[in-house]
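K.L.:
Got a structure for you, questions after.
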There are 2 protein chains.
Amino acid sequence: MAEAATARRSRITPEREAELYAAVLDLLREVGYEALTMDAIAARTRSSKATLYRQWGSKPELIARALRHNKPVSIEDIDTGSLRGDFHATMARSDDCQMERDAALMRGLFHAVHDNPELHQAMRQLLIEPEITGLNTMLRRAVDRGEVDADNPALDYVIHMLVGGFVARDLIEDRTVDRAFLASYVDAVILPALGV
Amino acid sequence: MAEAATARRSRITPEREAELYAAVLDLLREVGYEALTMDAIAARTRSSKATLYRQWGSKPELIARALRHNKPVSIEDIDTGSLRGDFHATMARSDDCQMERDAALMRGLFHAVHDNPELHQAMRQLLIEPEITGLNTMLRRAVDRGEVDADNPALDYVIHMLVGGFVARDLIEDRTVDRAFLASYVDAVILPALGV
């Protein structure tokens, strides 16, 4: 699915693609996943529905790709020379204002995946798995540098720790994740668990 | 709200209360939060709706109390003499089968709180806050025993780590939390972050 979509998408310019993804995320914030139609996306972006389906295959896939495009820097491209530096640079990819906007968006989407296995699958394949791959690259570099023991069992649970930071801050503390919280969480939890 | 409900509830026997809570959770598993009505609970438990409202005030409160009652042992009553022992005993409160059933239930409810601030409030007050209080009691004992430094910054984030274990296992790995996973997560993540 990913390769076919890439081939299809290559027919439009990167600028047009970025413009279209921005419009999709704006609409998603305005009306939510359920109410968002391919018709509305076509109207807002002055595209034909046929073009949207040809280029992206489905609404879940288009939305997952728009979310992925919204991440300005891939984790694997962050390489500061230390694991702590890499984590802090990763957390600094978004400013607090953007993080608050994204948190609202993700809350709505995690709500929607409950009823939409196709959206869950697209988010998993196009958004979550690339982030996990990037995270694992970052962790492997730290192991190669000797910062983390190759057999440290917490290496398998970094994604769990990260998800916990985001979800518990939101659900239990009823506060939005910001950079100060994430920086403190990385230093207090993730690095000590990894023995750094 | 909690005190008033306790006073009201004391008019029925503990056995009757347990029976009623079990029926509420059965119904909740069968139909989900939205479709669950006080009429259905009244019919299933052979109570009058007036009695239900008098004793529990509202559907969210009744459900939160039923969930709370479902936790057989309060965390603060677990006191094995070591933090590792306490965590492992806490994780062993439910068997794998019960954990899988509860995971499905909680998934549905976390979905429902998105649209129901009153349910979110009742779950927070009657279910989440008592668990956090119990957890903090357990952690304070570990600090008093000298197992954890009083100023270890991870003490503020134990709930985040725990939530991450549950949510990421479910959402990212698409696997149900079981006792083996939780035991390994406690040993790999939570205890090292706390310096134990």
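Just remember, in the structure tokens the first chain shown is A, the second B, etc., residues are 1-based per chain, and ligands are 1-based in the order shown.
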Might you pull out every residue within 10 Å of range 85-93 of chain A, with only C-alpha atoms counted and same-chain residues fewer than 2 positions away left off, and present them as a VMD selection string?
P.N.:
chain A and resid 71 to 83 95 to 96 98 to 99 135 138 to 139 142 178 to 184 186 to 187 190 to 191
K.L.:
Excluding Met38 in chain A and residues on its chain fewer than 5 positions from it, collect all residues at most 12 Å away from it, counting only C-alpha atoms, and give them as a PyMOL selection string.
P.N.:
chain A and resi 23-24+27-28+33+43-53+56-63
K.L.:
With the cut-off set at 6 Å and counting only C-alpha atoms, tabulate each residue of chain B with an atom at most that distance from an atom of chain A, showing the nearest atom pair and its distance in Å to one decimal, ordered by chain and increasing number, as a tab-separated table.
P.N.:
```
residue	atom	partner	partner_atom	distance
B:His111	CA	A:His111	CA	5.8
B:Pro153	CA	A:Ala188	CA	5.4
B:Ala154	CA	A:Ala188	CA	5.0
B:His160	CA	A:Gly164	CA	4.8
B:Met161	CA	A:Gly164	CA	5.4
B:Val163	CA	A:Gly164	CA	5.2
B:Gly164	CA	A:Gly164	CA	3.3
B:Gly165	CA	A:His160	CA	5.3
B:Ala168	CA	A:His160	CA	5.1
B:Ala188	CA	A:Ala154	CA	5.0
B:Val189	CA	A:Ala193	CA	5.2
B:Pro192	CA	A:Ala193	CA	5.0
B:Ala193	CA	A:Ala193	CA	4.6
```
K.L.:
Just to confirm, what's the straight-line distance from CA of Leu109 in chain A to CA of Glu100 in chain B in Å (one decimal)?
P.N.:
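Calculated distance between CA of Leu109 in chain A and CA of Glu100 in chain B is 23.6 Å.
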